[in-house]
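K.L.:
Quick one: the structure is below, and I'll ask about it shortly.
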Amino acid sequence: MKNYRLLVILLGIIVIFFFIRKVRTFTVEQEAKTIQSKHFVISYSGIYKSEAEKVSKHLENNYSKIREDLKDVKHDLIKVFVYGSQYKFNSATGLKENVSGTSRGPNEFHFVWSNWFNSVFPDDPLKTALHEFTHCVQLNILIDKAKETLITQDRLTFEKEFDKKFAAEYPRWLWESISIFEAGEVNTISVKYAKSKNLTLEDLNQSNQIYNIGYTIIEYLTQKWGKDVLPKLIASFGNIEKTLNITTEEFEKGWIAFLDENY
């Protein structure tokens with residue numbers, strides 16, 4: 001009898017879930033709509049207006065803090081595109097892998113509004129928005145810094161040369177870990193799992209474990225050297241020896257010791 005009741009309850013939950021998902025499908029904004037705040041233009045579809053407003057408010061509430069943390073230079077209005085499904089996101093961005101967001105230069109980013117109706121293990125979409133915004137801030141700083149060495153009057157030539165410099169010199173571990181830190185994306189269980197892999201910074205340039213452990217790299221940096229070290233590290237294109245006056249190996253040893261003590 002107990003098993004029968006549990007089965008009925010389970011079936012009831014499933015029916016309610018699919019009913020709510022179907023209702024959502026028909027009641028969210030089908031056509032692209034736009035809302036604008038002081039620093040962002042939010043274009044959205046497949047979600048409710050109230051959810052788009054949450055994105056706008058959350059970005060504005062964190063706008064100054066993130067830019068001050070990283071010493072961002074003057075920043076133009078940022079275009080934000082929010083999608084209600086992974087399929088719509090991939091179709092719009094041309095990406096084939098199932099990532100939750102992508103930045104397209106210093107003034108544009110795209111992301112999926114993840115929830116239990118479109119993802120098995122949804123990310124927090126407000127944190128995803130901050131993550132991608134922080135990528136835009138990093139690019140804004142890096143482009144400004146690159147203008148000191150990439151001197152050309154031709155915009156297209158500059159963009160091509162910057163793309164080469166970024167791909168060759170700016171480490172992925174720093175690119176992701178700063179965005180993860182500013183968005184507050186940290187989970188103790190995930191950190192411990194990634195920690196067990198004994199990964200170096202170079203390993204993290206090639207591994208998705210950066211998303212599990214990246215927060216702790218910047219946590220260690222800021223606790224030992226202060227937040228003012230972040231803009232210096234960005235401006236140096238991630239040159240640890242130039243910025244911290246220690247070798248990469250010494251930095252990694254200190255970070256691992258920090259992990260052992262705190263995680």
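Quick note on naming: the chains in the structure tokens go A, B, ... in the order shown, residues restart at 1 in each chain, and ligands are numbered from 1 in order of appearance.
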What's around stretch 87-99 of chain A at 7 Å? Count only C-alpha atoms, leave out sequence neighbours fewer than 2 positions away in its own chain, and write the answer as a PyMOL selection string.

P.N.:
chain A and resi 83+85+101+111-112

K.L.:
Give me a file of those residues, with N, CA, C and O atoms, as a tab-separated table (two decimals), in the first residue's frame.

P.N.:
```tsv
chain	number	residue	atom	x	y	z
A	83	TYR	N	18.14	34.09	-23.41
A	83	TYR	CA	17.36	33.09	-24.14
A	83	TYR	C	16.70	32.12	-23.16
A	83	TYR	O	17.26	31.78	-22.12
A	85	SER	N	16.02	28.96	-23.78
A	85	SER	CA	16.41	27.56	-23.98
A	85	SER	C	17.82	27.48	-24.54
A	85	SER	O	18.32	28.43	-25.16
A	101	GLY	N	26.75	30.61	-21.40
A	101	GLY	CA	26.88	32.00	-21.79
A	101	GLY	C	28.12	32.24	-22.62
A	101	GLY	O	29.02	31.40	-22.68
A	111	PHE	N	23.38	34.80	-22.85
A	111	PHE	CA	23.31	33.69	-21.91
A	111	PHE	C	21.92	33.07	-21.85
A	111	PHE	O	20.94	33.68	-22.30
A	112	VAL	N	21.88	31.85	-21.30
A	112	VAL	CA	20.63	31.11	-21.16
A	112	VAL	C	20.04	31.37	-19.78
A	112	VAL	O	20.77	31.32	-18.77
```

K.L.:
Could you give me, as a tab-separated table, every stretch 17-113 of chain A residue with an atom at most 10 Å from stretch 143-166 of chain A, plus its closest atom pair and distance in Å to one decimal, counting only C-alpha atoms, rows ordered by chain then number?

P.N.:
```
residue	atom	partner	partner_atom	distance
A:Asp72	CA	A:Asp144	CA	9.6
A:Val73	CA	A:Asp144	CA	7.7
A:Lys74	CA	A:Asp144	CA	9.6
A:Gly105	CA	A:Ile143	CA	9.5
A:Pro106	CA	A:Ile143	CA	8.5
```

K.L.:
Mind checking which residues fall within 12 Å of A:Asn115, counting only C-alpha atoms, ignoring those fewer than 6 positions away in the same chain, and posting them as a list in words?

P.N.:
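Close residues of A:Asn115: Arg21, Arg24, Gly46, Ile47, Glu51, Tyr83, Gly84, Ser85, Gln86, Ser100, Phe121, Pro122, Asp123, Asp124, Pro125 and Leu126 of chain A.
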
K.L.:
For the strand (DSSP E) assignment from backbone DSSP, which residues of stretch 4-242 of chain A qualify? Please present them as a PyMOL selection string.

P.N.:
chain A and resi 33-36+40-45+78-83+101-103+108-112

K.L.:
Could you write out that same residue set with N, CA and C atoms as a short mmCIF file (atom, residue, chain, number, x, y, z; two decimals), in the first residue's frame?

P.N.:
```
data_model
loop_
_atom_site.label_atom_id
_atom_site.label_comp_id
_atom_site.auth_asym_id
_atom_site.auth_seq_id
_atom_site.Cartn_x
_atom_site.Cartn_y
_atom_site.Cartn_z
N LYS A 33 11.81 40.98 -26.80
CA LYS A 33 11.47 42.26 -26.19
C LYS A 33 12.72 42.90 -25.61
N THR A 34 12.66 44.20 -25.34
CA THR A 34 13.84 44.91 -24.85
C THR A 34 13.49 45.81 -23.67
N ILE A 35 14.34 45.79 -22.67
CA ILE A 35 14.26 46.77 -21.59
C ILE A 35 15.64 47.40 -21.43
N GLN A 36 15.68 48.67 -21.06
CA GLN A 36 16.96 49.37 -20.94
C GLN A 36 17.10 50.01 -19.57
N PHE A 40 22.81 48.96 -19.30
CA PHE A 40 22.54 47.74 -20.06
C PHE A 40 21.28 47.85 -20.89
N VAL A 41 21.31 47.18 -22.06
CA VAL A 41 20.11 46.98 -22.87
C VAL A 41 19.86 45.47 -22.88
N ILE A 42 18.75 45.05 -22.29
CA ILE A 42 18.44 43.62 -22.17
C ILE A 42 17.45 43.23 -23.26
N SER A 43 17.85 42.34 -24.17
CA SER A 43 16.94 41.78 -25.17
C SER A 43 16.64 40.34 -24.74
N TYR A 44 15.36 39.99 -24.66
CA TYR A 44 15.02 38.68 -24.13
C TYR A 44 13.84 38.06 -24.86
N SER A 45 13.80 36.75 -24.84
CA SER A 45 12.67 35.98 -25.35
C SER A 45 12.69 34.61 -24.67
N ILE A 78 26.18 48.25 -22.60
CA ILE A 78 26.37 46.83 -22.87
C ILE A 78 25.06 46.18 -23.31
N LYS A 79 25.10 45.45 -24.42
CA LYS A 79 23.94 44.74 -24.93
C LYS A 79 23.93 43.32 -24.35
N VAL A 80 22.80 42.94 -23.79
CA VAL A 80 22.65 41.62 -23.16
C VAL A 80 21.51 40.87 -23.85
N PHE A 81 21.78 39.64 -24.26
CA PHE A 81 20.78 38.82 -24.93
C PHE A 81 20.49 37.60 -24.06
N VAL A 82 19.23 37.43 -23.66
CA VAL A 82 18.83 36.35 -22.77
C VAL A 82 17.88 35.41 -23.51
N TYR A 83 18.14 34.09 -23.41
CA TYR A 83 17.36 33.09 -24.14
C TYR A 83 16.70 32.12 -23.16
N GLY A 101 26.75 30.61 -21.40
CA GLY A 101 26.88 32.00 -21.79
C GLY A 101 28.12 32.24 -22.62
N THR A 102 28.17 33.41 -23.26
CA THR A 102 29.34 33.79 -24.04
C THR A 102 29.39 35.30 -24.18
N SER A 103 30.59 35.85 -24.10
CA SER A 103 30.77 37.29 -24.32
C SER A 103 31.19 37.49 -25.77
N GLU A 108 28.98 43.31 -25.32
CA GLU A 108 27.88 42.41 -25.66
C GLU A 108 28.10 41.03 -25.06
N PHE A 109 27.04 40.47 -24.47
CA PHE A 109 27.11 39.07 -24.07
C PHE A 109 25.75 38.41 -24.16
N HIS A 110 25.76 37.07 -24.26
CA HIS A 110 24.56 36.26 -24.42
C HIS A 110 24.55 35.17 -23.34
N PHE A 111 23.38 34.80 -22.85
CA PHE A 111 23.31 33.69 -21.91
C PHE A 111 21.92 33.07 -21.85
N VAL A 112 21.88 31.85 -21.30
CA VAL A 112 20.63 31.11 -21.16
C VAL A 112 20.04 31.37 -19.78
#
```

K.L.:
Return the single residue from A:Tyr63, A:Lys195, A:Trp175, A:Leu70 that is closest to A:Leu130, with distances computed using only C-alpha atoms.

P.N.:
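Answer, going by the shortest atom-to-atom distance: A:Tyr63.
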
K.L.:
When you draw a straight line from atom CA of A:Ser190 to atom CA of A:Lys127, how long is it in Å?

P.N.:
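Distance reported for this atom pair: 16.5 Å.
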
K.L.:
For A:Lys224, work out the shell of residues within 10 Å, counting only C-alpha atoms and skipping chain neighbours fewer than 4 positions away, then give it as a list of chain:residue names.

P.N.:
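So, after excluding close chain neighbours, the residues are A:Ile218, A:Glu219, A:Tyr220, A:Val229, A:Gly254, A:Trp255, A:Phe258.
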
K.L.:
Which polymer residues have any atom within 10 Å of an atom of stretch 179-185 of chain A, counting only C-alpha atoms, with same-chain residues fewer than 5 positions away left out, as a PyMOL selection string?

P.N.:
chain A and resi 62+65-66+69-70+123-124+126-138+174+210-219

K.L.:
May I ask for the distance between atom CA of A:Pro231 and atom CA of A:Lys253, given in Å to one decimal place?

P.N.:
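Calculated distance between atom CA of A:Pro231 and atom CA of A:Lys253 is 22.4 Å.
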
K.L.:
So that I can check the secondary structure, give me every residue of stretch 16-262 of chain A assigned alpha helix (DSSP H) by backbone DSSP, as a PyMOL selection string.

P.N.:
chain A and resi 16-27+49-70+86-93+125-146+155-169+172-183+188-195+201-204+210-225+229-235+240-244+248-262

K.L.:
Just give me the gap between atom CA of A:Arg172 and atom CA of A:Asn205 in Å, one decimal is fine.

P.N.:
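Value for the atom CA of A:Arg172-atom CA of A:Asn205 distance: 4.9 Å.
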